[in-house]
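J.: target25.txt (compact mmCIF, C-alpha atoms (C1' of nucleotides)) pasted underneath:
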# COMPACT_ATOMS: atom_id res chain seq x y z
CA MET I 1 0.00 0.00 0.00
CA THR I 2 1.33 3.41 -0.97
CA ILE I 3 0.32 6.41 1.04
CA HIS I 4 1.22 9.86 -0.23
CA LYS I 5 2.96 11.57 2.65
CA LYS I 6 3.39 15.28 2.98
CA PRO I 7 6.57 16.89 4.26
CA ALA I 8 6.06 17.56 7.95
CA ALA I 9 7.47 20.42 9.97
CA SER I 10 8.00 18.08 12.90
CA ALA I 11 10.47 15.94 10.94
CA LEU I 12 12.45 19.04 10.04
CA LEU I 13 12.42 20.44 13.59
CA SER I 14 13.67 17.11 14.89
CA TRP I 15 16.51 17.26 12.37
CA TYR I 16 17.23 20.86 13.37
CA ASP I 17 17.45 20.00 17.06
CA ARG I 18 20.26 17.59 16.21
CA HIS I 19 22.06 19.29 13.34
CA HIS I 20 21.58 23.06 13.57
CA ARG I 21 24.62 25.28 13.16
CA GLU I 22 25.85 27.57 15.91
CA LEU I 23 25.82 31.16 14.67
CA PRO I 24 26.72 34.35 16.58
CA TRP I 25 23.21 35.82 16.23
CA ARG I 26 21.33 32.57 16.74
CA ILE I 27 19.58 31.27 19.87
CA SER I 28 19.98 27.49 19.77
CA PRO I 29 17.02 25.26 20.65
CA ALA I 30 18.79 24.32 23.89
CA MET I 31 19.23 27.98 24.85
CA ALA I 32 15.62 28.70 23.92
CA ARG I 33 14.47 25.94 26.28
CA ARG I 34 16.37 27.71 29.03
CA GLY I 35 14.36 30.83 28.31
CA VAL I 36 16.91 32.81 26.32
CA LYS I 37 15.20 35.16 23.89
CA PRO I 38 16.70 36.47 20.66
CA ASP I 39 17.65 40.15 20.50
CA PRO I 40 15.53 41.61 17.65
CA TYR I 41 18.34 44.06 16.88
CA HIS I 42 20.79 41.19 16.39
CA ILE I 43 18.33 39.23 14.26
CA TRP I 44 17.53 42.22 12.08
CA LEU I 45 21.19 43.22 11.65
CA SER I 46 22.24 39.68 10.73
CA GLU I 47 19.35 39.25 8.30
CA VAL I 48 20.17 42.45 6.45
CA MET I 49 23.84 41.49 6.25
CA LEU I 50 22.90 38.01 5.04
CA GLN I 51 20.92 39.32 2.08
CA GLN I 52 22.67 37.74 -0.91
CA THR I 53 25.73 37.28 1.27
CA THR I 54 27.34 34.18 2.73
CA VAL I 55 27.41 33.37 6.45
CA ALA I 56 31.21 33.24 6.34
CA ALA I 57 31.44 36.78 4.98
CA VAL I 58 28.93 38.17 7.47
CA LYS I 59 30.40 36.89 10.74
CA ALA I 60 33.24 39.42 11.08
CA TYR I 61 31.03 42.35 10.03
CA PHE I 62 28.31 41.34 12.48
CA ALA I 63 30.83 41.25 15.34
CA LYS I 64 32.23 44.64 14.30
CA PHE I 65 28.81 46.28 14.18
CA ILE I 66 27.70 44.85 17.51
CA ALA I 67 30.92 46.07 19.11
CA LEU I 68 30.64 49.55 17.59
CA TRP I 69 26.89 49.92 18.08
CA PRO I 70 25.47 47.56 20.77
CA SER I 71 21.88 48.74 20.34
CA VAL I 72 19.67 50.06 17.58
CA ASP I 73 19.66 53.43 19.33
CA ASP I 74 23.46 53.51 19.15
CA LEU I 75 23.29 52.77 15.44
CA ALA I 76 20.63 55.43 14.97
CA ARG I 77 22.95 58.02 16.55
CA ALA I 78 26.03 56.98 14.56
CA PRO I 79 27.27 59.20 11.71
CA ALA I 80 26.19 57.72 8.37
CA GLU I 81 29.77 57.98 7.15
CA ASP I 82 30.97 55.73 10.00
CA VAL I 83 28.39 53.13 9.01
CA MET I 84 29.56 53.20 5.38
CA VAL I 85 33.19 52.78 6.48
CA ALA I 86 32.25 49.81 8.65
CA TRP I 87 30.22 48.25 5.82
CA ALA I 88 32.98 48.73 3.20
CA GLY I 89 33.82 45.42 1.53
CA LEU I 90 30.53 43.69 2.26
CA GLY I 91 28.85 44.90 -0.93
CA TYR I 92 25.35 46.02 -1.90
CA TYR I 93 25.91 49.37 -0.24
CA ALA I 94 22.27 50.44 -0.45
CA ARG I 95 21.82 48.00 2.42
CA ALA I 96 24.07 50.12 4.63
CA ARG I 97 22.25 53.32 3.75
CA ASN I 98 18.89 51.67 4.46
CA LEU I 99 20.25 50.05 7.63
CA LYS I 100 20.98 53.50 9.02
CA LYS I 101 17.58 54.86 7.92
CA CYS I 102 15.84 51.87 9.48
CA ALA I 103 17.66 52.30 12.78
CA GLU I 104 16.70 55.97 12.84
CA ALA I 105 13.05 55.10 12.17
CA VAL I 106 12.99 52.46 14.92
CA ALA I 107 14.59 54.87 17.38
CA ALA I 108 12.45 57.88 16.46
CA ASP I 109 9.07 56.31 15.64
CA HIS I 110 9.02 53.09 17.67
CA GLY I 111 10.78 53.99 20.89
CA GLY I 112 13.84 51.92 20.01
CA ARG I 113 11.86 48.68 19.68
CA PHE I 114 11.36 46.88 16.39
CA PRO I 115 7.76 46.30 15.27
CA ASP I 116 6.80 42.71 16.11
CA THR I 117 4.66 41.99 13.04
CA GLU I 118 5.53 41.28 9.40
CA GLU I 119 3.50 44.25 8.26
CA GLY I 120 5.12 46.66 10.69
CA LEU I 121 8.60 45.42 9.85
CA LYS I 122 8.07 45.61 6.11
CA SER I 123 7.21 49.29 6.35
CA LEU I 124 10.82 49.99 7.38
CA PRO I 125 13.66 50.82 4.94
CA GLY I 126 15.62 47.84 3.67
CA ILE I 127 13.13 45.29 4.99
CA GLY I 128 11.33 43.41 2.23
CA ASP I 129 9.24 40.24 2.10
CA TYR I 130 11.98 37.92 3.23
CA THR I 131 13.50 39.97 6.04
CA ALA I 132 10.11 40.99 7.45
CA ALA I 133 9.04 37.35 7.67
CA ALA I 134 12.40 36.20 9.03
CA VAL I 135 12.54 38.79 11.81
CA ALA I 136 8.87 38.25 12.68
CA ALA I 137 9.38 34.49 12.94
CA ILE I 138 12.83 34.32 14.54
CA ALA I 139 12.74 37.35 16.84
CA PHE I 140 9.01 37.46 17.65
CA ASN I 141 7.81 33.87 17.24
CA ARG I 142 5.28 34.84 14.57
CA GLN I 143 3.91 32.20 12.19
CA ALA I 144 5.35 33.91 9.12
CA ALA I 145 6.23 32.15 5.87
CA VAL I 146 9.96 32.70 5.38
CA MET I 147 11.30 32.14 1.88
CA ASP I 148 14.82 32.85 0.72
CA GLY I 149 16.93 31.20 -1.96
CA ASN I 150 17.54 28.15 0.22
CA VAL I 151 13.86 27.65 0.90
CA GLU I 152 13.03 28.09 -2.78
CA ARG I 153 15.41 25.28 -3.58
CA VAL I 154 14.05 22.97 -0.88
CA ILE I 155 10.41 23.65 -1.77
CA SER I 156 10.93 23.38 -5.52
CA ARG I 157 12.48 19.97 -4.97
CA LEU I 158 9.97 18.70 -2.43
CA HIS I 159 7.15 19.44 -4.89
CA ALA I 160 9.11 19.09 -8.16
CA ILE I 161 7.95 22.52 -9.25
CA ASP I 162 8.76 22.98 -12.95
CA GLY I 163 7.70 26.58 -13.36
CA PRO I 164 10.84 28.71 -13.60
CA LEU I 165 11.82 31.28 -11.03
CA PRO I 166 11.01 34.02 -10.30
CA GLY I 167 7.49 33.44 -11.72
CA SER I 168 6.93 30.37 -9.55
CA LYS I 169 7.65 32.24 -6.33
CA PRO I 170 3.99 32.77 -5.29
CA GLN I 171 3.28 29.08 -5.72
CA MET I 172 6.30 28.20 -3.61
CA LYS I 173 5.34 30.75 -0.97
CA GLU I 174 1.95 29.02 -0.59
CA LYS I 175 3.71 25.72 0.00
CA VAL I 176 5.91 27.29 2.67
CA ALA I 177 2.93 28.93 4.37
CA ALA I 178 1.05 25.63 4.42
CA MET I 179 4.03 23.95 6.03
CA THR I 180 4.97 26.61 8.62
CA PRO I 181 3.96 25.50 12.14
CA ALA I 182 2.40 27.65 14.84
CA ASP I 183 4.89 26.18 17.30
CA ARG I 184 8.54 27.17 16.80
CA PRO I 185 8.05 29.06 13.50
CA GLY I 186 11.44 30.74 13.93
CA ASP I 187 13.29 27.46 14.33
CA PHE I 188 11.33 26.07 11.39
CA ALA I 189 12.47 28.95 9.18
CA GLN I 190 16.07 28.58 10.27
CA ALA I 191 15.84 24.82 9.82
CA MET I 192 14.63 25.19 6.23
CA MET I 193 17.53 27.54 5.49
CA ASP I 194 20.07 25.31 7.23
CA LEU I 195 18.73 22.34 5.30
CA GLY I 196 19.16 24.21 2.03
CA ALA I 197 22.63 25.39 3.00
CA THR I 198 24.01 22.06 4.17
CA ILE I 199 21.92 19.16 2.74
CA CYS I 200 19.69 20.34 -0.09
CA THR I 201 22.57 22.10 -1.83
CA PRO I 202 22.53 23.39 -5.42
CA LYS I 203 25.00 20.72 -6.56
CA ARG I 204 25.26 17.15 -5.26
CA PRO I 205 22.62 17.37 -2.53
CA ALA I 206 23.09 14.91 0.33
CA CYS I 207 19.67 13.34 -0.07
CA ALA I 208 20.60 10.29 2.01
CA LEU I 209 20.84 12.57 5.05
CA CYS I 210 17.70 14.60 4.35
CA PRO I 211 14.73 14.35 6.72
CA PHE I 212 12.44 14.72 3.68
CA ASN I 213 13.97 12.02 1.51
CA ASP I 214 10.87 9.86 1.93
CA VAL I 215 8.53 12.50 0.50
CA CYS I 216 10.68 14.49 -1.95
CA LEU I 217 9.26 14.41 -5.47
CA ALA I 218 12.51 15.69 -7.02
CA LEU I 219 14.42 12.80 -5.47
CA ALA I 220 11.78 10.45 -6.84
CA THR I 221 12.57 11.76 -10.32
CA ASP I 222 16.21 10.83 -9.70
CA GLU I 223 17.24 14.31 -10.86
CA PRO I 224 16.99 16.51 -7.75
CA GLU I 225 19.64 18.87 -9.12
CA ARG I 226 17.28 19.85 -11.95
CA PHE I 227 15.37 21.98 -9.43
CA PRO I 228 14.80 24.84 -9.00
CA VAL I 229 14.23 25.69 -12.65
CA LYS I 230 15.40 29.23 -13.37
CA ALA I 231 14.96 31.70 -16.20
CA ALA I 232 17.87 32.03 -18.60
CA LYS I 233 20.46 34.61 -17.66
CA LYS I 234 21.54 37.59 -19.65
CA GLU I 235 25.02 38.01 -20.98
CA LYS I 236 27.38 40.07 -18.82
CA PRO I 237 28.80 43.05 -20.75
CA VAL I 238 32.34 44.39 -20.30
CA ARG I 239 32.85 48.02 -19.39
CA GLN I 240 36.18 49.76 -19.18
CA GLY I 241 37.75 52.95 -17.91
CA ALA I 242 40.78 54.38 -16.19
CA ALA I 243 41.54 55.01 -12.51
CA PHE I 244 43.96 57.69 -11.32
CA VAL I 245 46.02 57.27 -8.17
CA ALA I 246 47.71 60.53 -7.17
CA VAL I 247 50.08 60.66 -4.18
CA ASP I 248 51.37 63.93 -2.77
CA GLU I 249 54.65 64.73 -1.02
CA ASP I 250 53.20 63.76 2.39
CA GLY I 251 51.93 60.38 1.25
CA HIS I 252 48.34 61.52 0.87
CA LEU I 253 46.05 60.03 -1.76
CA LEU I 254 43.48 61.95 -3.79
CA LEU I 255 40.02 60.50 -3.14
CA ARG I 256 36.46 61.46 -3.98
CA ARG I 257 33.02 60.63 -2.70
CA ARG I 258 30.57 59.01 -5.09
CA PRO I 259 26.98 60.24 -5.40
CA ASP I 260 24.62 58.90 -2.76
CA SER I 261 22.55 56.80 -5.15
CA GLY I 262 23.42 54.24 -7.76
CA LEU I 263 26.40 51.95 -8.04
CA LEU I 264 28.67 52.14 -4.98
CA GLY I 265 26.47 55.00 -3.80
CA GLY I 266 27.97 57.11 -1.03
CA MET I 267 31.25 55.22 -1.13
CA THR I 268 34.75 56.60 -1.65
CA GLU I 269 36.73 56.21 -4.87
CA VAL I 270 39.88 57.32 -6.60
CA PRO I 271 39.13 59.58 -9.59
CA THR I 272 38.15 57.57 -12.65
CA THR I 273 36.90 58.12 -16.14
CA GLY I 274 33.39 57.03 -17.00
CA TRP I 275 33.20 53.27 -17.22
CA THR I 276 32.42 53.03 -20.86
CA ALA I 277 35.30 55.20 -22.02
CA ARG I 278 37.94 53.74 -24.28
CA VAL I 279 41.39 53.46 -22.78
CA ASP I 280 43.79 53.07 -25.65
CA GLY I 281 47.14 54.77 -25.64
CA GLU I 282 47.28 58.49 -25.12
CA THR I 283 43.54 59.04 -24.85
CA GLY I 284 43.56 57.15 -21.55
CA THR I 285 44.54 60.10 -19.37
CA ASP I 286 42.29 62.68 -21.03
CA ALA I 287 39.84 62.51 -18.16
CA ALA I 288 42.47 62.59 -15.42
CA PRO I 289 41.66 64.86 -12.45
CA PHE I 290 44.53 67.14 -13.49
CA ALA I 291 47.28 67.21 -16.07
CA ALA I 292 50.40 65.39 -14.87
CA ASP I 293 52.94 62.79 -15.89
CA TRP I 294 50.58 59.85 -15.33
CA GLN I 295 52.33 56.48 -15.43
CA ALA I 296 50.41 53.43 -16.56
CA CYS I 297 50.81 50.64 -14.01
CA GLY I 298 48.57 47.85 -15.20
CA THR I 299 44.94 46.86 -15.24
CA VAL I 300 42.53 45.51 -12.67
CA THR I 301 39.40 43.51 -13.44
CA HIS I 302 36.38 43.42 -11.19
CA VAL I 303 33.15 41.53 -11.76
CA PHE I 304 29.95 43.20 -10.61
CA THR I 305 26.54 41.58 -10.66
CA HIS I 306 25.60 42.72 -14.13
CA PHE I 307 28.84 43.76 -15.82
CA GLU I 308 32.56 43.22 -15.79
CA LEU I 309 34.81 46.22 -15.27
CA ARG I 310 38.36 46.61 -16.57
CA LEU I 311 40.17 49.60 -15.16
CA GLY I 312 43.48 50.82 -16.52
CA VAL I 313 45.38 52.18 -13.51
CA TYR I 314 47.61 55.27 -13.67
CA ARG I 315 49.67 56.84 -10.93
CA VAL I 316 51.67 59.98 -10.28
CA HIS I 317 53.75 61.33 -7.39
CA LEU I 318 53.80 65.09 -7.11
CA ALA I 319 53.63 68.06 -4.78
CA ARG I 320 50.07 68.93 -3.91
CA THR I 321 50.52 72.45 -5.29
CA GLU I 322 51.28 70.92 -8.68
CA ALA I 323 47.87 69.30 -8.70
CA GLY I 324 46.14 72.63 -8.11
CA ALA I 325 42.52 72.85 -7.09
CA VAL I 326 41.02 69.40 -7.32
CA HIS I 327 37.61 67.89 -6.77
CA GLY I 328 37.97 65.59 -3.79
CA PHE I 329 40.13 65.30 -0.69
CA TRP I 330 43.56 64.04 0.28
CA ALA I 331 43.76 61.14 2.72
CA PRO I 332 46.87 59.48 4.22
CA VAL I 333 47.71 56.27 2.41
CA THR I 334 48.68 54.77 5.76
CA ASN I 335 45.12 55.06 7.08
CA LEU I 336 42.90 53.89 4.23
CA ASP I 337 40.92 51.66 6.58
CA ALA I 338 39.26 54.85 7.76
CA GLU I 339 37.78 55.36 4.28
CA ALA I 340 34.64 53.80 2.81
CA LEU I 341 36.52 52.12 -0.01
CA PRO I 342 34.72 49.36 -1.91
CA THR I 343 36.77 46.37 -2.98
CA VAL I 344 37.11 47.47 -6.59
CA MET I 345 38.78 50.70 -5.43
CA LYS I 346 41.10 48.86 -3.07
CA LYS I 347 42.14 46.75 -6.04
CA ALA I 348 42.93 49.83 -8.12
CA ILE I 349 44.89 51.47 -5.30
CA ALA I 350 46.79 48.26 -4.60
CA GLN I 351 47.70 48.05 -8.28
CA ALA I 352 49.32 51.50 -8.09
CA ILE I 353 50.68 51.19 -4.53
CA PRO I 354 51.25 47.52 -3.71
CA SER I 355 52.04 48.31 -0.07
CA ALA I 356 48.83 50.27 0.53
CA PHE I 357 46.94 47.41 2.19
CA SER I 358 49.87 45.15 3.04
CA THR I 359 49.26 45.31 6.78
CA THR I 360 45.50 44.88 6.52
CA LYS I 361 43.10 43.12 4.26
CA GLY I 362 43.50 43.46 0.59
C1' DT O 1 8.14 42.87 -14.58
C1' DA O 2 12.71 43.40 -15.24
C1' DC O 3 16.52 45.67 -14.05
C1' DT O 4 20.05 47.48 -10.73
C1' DC O 5 22.97 46.59 -7.08
C1' DG O 6 29.09 43.70 -4.63
C1' DT O 7 31.78 40.41 -3.18
C1' DG O 8 34.12 36.06 -2.18
C1' DG O 9 34.15 31.11 -2.22
C1' DC O 10 33.21 27.02 -4.47
C1' DC O 11 34.09 23.06 -7.70
C1' DT U 1 39.16 28.73 -14.23
C1' DG U 2 35.04 30.76 -14.89
C1' DG U 3 30.30 30.31 -14.10
C1' DC U 4 27.40 29.78 -10.24
C1' DC U 5 25.70 31.08 -6.11
C1' DA U 6 24.65 33.38 -1.34
C1' DA U 7 19.35 34.31 4.89
C1' DG U 8 16.91 40.12 -1.44
C1' DA U 9 15.36 45.07 -1.73
C1' DG U 10 14.24 49.07 -4.36
C1' DT U 11 12.51 50.99 -8.32
Output the structure of this file as C-alpha cells.
T.:
Amino acid sequence: MTIHKKPAASALLSWYDRHHRELPWRISPAMARRGVKPDPYHIWLSEVMLQQTTVAAVKAYFAKFIALWPSVDDLARAPAEDVMVAWAGLGYYARARNLKKCAEAVAADHGGRFPDTEEGLKSLPGIGDYTAAAVAAIAFNRQAAVMDGNVERVISRLHAIDGPLPGSKPQMKEKVAAMTPADRPGDFAQAMMDLGATICTPKRPACALCPFNDVCLALATDEPERFPVKAAKKEKPVRQGAAFVAVDEDGHLLLRRRPDSGLLGGMTEVPTTGWTARVDGETGTDAAPFAADWQACGTVTHVFTHFELRLGVYRVHLARTEAGAVHGFWAPVTNLDAEALPTVMKKAIAQAIPSAFSTTKG
DNA sequence: TACTCGTGGCC
DNA sequence: TGGCCAAGAGT
C-alpha cells in the first residue's frame, strides 16, 4: 500500500534539534528551552547582512557592528559615514544606507523597539518580504512564511515545481505557508535555510541525510539537481575605464566621494573616467583629475553583478601644489581603513601602490 | 516585470 | 578557471 505523505514540519524540527549550526546571532534550541530570547536588533542586523551574502562573509562584520553599536539606538545616533566605512567590503551598499535609515526610524518612531509583526517590519527601509518574515518568525515567534533562496530550492524539490523562477515564487510561498507550524516558526524557518545550505545544496545534494527524503518528489525523479528551474540569464557586458592614483609629497592620496545613489552609492573612490570610455594609448589620461605625468601601471578587473569592469590604472607622485585645485580630498595612504573604499577601489589602489593594504586586508 | 545593485568562495 | 551562487530590496 502506498500512502502519499506530505513533508512535515516536525520531521524538520527534529533534524534541526540535532544538526543546527551555531551562529553568533542565533539562539539554539537548547538555549531557547532555558528561556533565552533572541535580540531583535541582532536578528535584524544579521538578516540584512545576510541578504545575498554568505554566512562566512557576514560573521566578522556582524561582530564589528555589535561592538561599535550595541543597540539600535546607538546605530541610529552613529554618523552615516561611519556606518559606510564599517560596511565597506561587504557589498550592496544600499543595504548600509537603508540600515541606518531603518535604525533611525525604529529609534524615532518606535521607541527603540522593532515592530513585532511582518506588516510593521516591512514598512521599514531595507526590509522586504523575506526579512520581514524572518525577523517576525525568529525574533518574535510569529507564524510567518519565510522564503529565501535556500527555501526556494528545498520547496521546488519537495514538490518538483517545474515553473521557472522568479514566476513560480507565489506558488512556492503558498507551499511554505502551508508547512509553517504555529509552534517554533522561527526554528522552522532557520531549519529550512540550514537544510538548504548544508543538505539540499545546489550541486550534489546529500539526499541520504535529508529528513524529507521519503517524501521528496525531485528525489523520486532521480534528478533533484534539476530543481529549481530558473529563467535564462543575460550576458554580462564588459565596461572599461581608467583610474587615477595621485600621491602627494606627504603620502596623501586623492580621493572622492561618489553620489549617494546608484552603483557604490555614497562610497569613496579614486578619480576615474566614466566606465564606458575607451582606454587606448594616449587618450587614456584625457579625463584625469589634473594634467600630470601619469604612469600606466597595469589593469585591474572586477566583476559586478551585471557587468565586468576593466580599469586601466595610472599613478603619479607630485607636490600637492602641482595638482592645483582638485575635486575631492587628500587622505593618508597609511590610514585607508578609515575610508569607505569598496573592494574594486582597493584593487585599483593596490595596483598603483602595492604596499597600501599590506598590513591589513587586501 | 525586469533591471540594478558587490563580493568572495566554491568546484 | 570561470560560471554559479549566497538568509533580497528598491525601483
J.: Report the closest atom pair, with its distance in Å rounded to one decimal, for each residue of chain O that has an atom no farther than 7 Å from chain I; count only C-alpha atoms (C1' of nucleotides), sort by chain and then rising residue number, and write it as JSON lines.
T.:
{"residue": "O:DC5", "atom": "C1'", "partner": "I:Tyr92", "partner_atom": "CA", "distance": 5.7}
{"residue": "O:DG6", "atom": "C1'", "partner": "I:Gly91", "partner_atom": "CA", "distance": 3.9}
{"residue": "O:DT7", "atom": "C1'", "partner": "I:Gly91", "partner_atom": "CA", "distance": 5.8}
J.: Atom CA of I:Ala107 and atom CA of I:Asn141, how far apart in Å?
T.: 22.1 Å
J.: So which one's closest to chain U, I:Leu165, I:Val146, I:Cys102, I:Ala63? Using all atoms listed in the file, please.
T.: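 Counting all atoms listed in the file, the residue closest to chain U is I:Val146.
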J.: Counting only C-alpha atoms (C1' of nucleotides), which residues in chain U sit no more than 10 Å from chain I? For each one, give the nearest pair of atoms and the distance in Å, sorted by chain then residue number, as a Markdown table.
T.:
| residue | atom | partner | partner_atom | distance |
| --- | --- | --- | --- | --- |
| U:DC4 | C1' | I:Pro202 | CA | 9.4 |
| U:DC5 | C1' | I:Pro202 | CA | 8.3 |
| U:DA6 | C1' | I:Gln52 | CA | 4.8 |
| U:DA7 | C1' | I:Leu50 | CA | 5.1 |
| U:DG8 | C1' | I:Gln51 | CA | 5.4 |
| U:DA9 | C1' | I:Gly128 | CA | 5.9 |
| U:DG10 | C1' | I:Gly126 | CA | 8.2 |
J.: Distance atom CA of I:Ala352-atom CA of I:Arg315, one decimal place?
T.: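 Taking atom CA of I:Ala352 and atom CA of I:Arg315, their separation equals 6.1 Å.
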J.: Report the distance between atom CA of I:Ala88 and atom CA of I:Leu23 in Å, rounded to one decimal place.
T.: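 So the two atoms, atom CA of I:Ala88 and atom CA of I:Leu23, lie 22.2 Å apart.
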J.: Measuring atom to atom with all atoms listed in the file, identify which of I:Leu253, I:Leu217, I:Ile155, I:Val72 is nearest to I:Ala356.
T.: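 Smallest separation from I:Ala356 among the options: I:Leu253.
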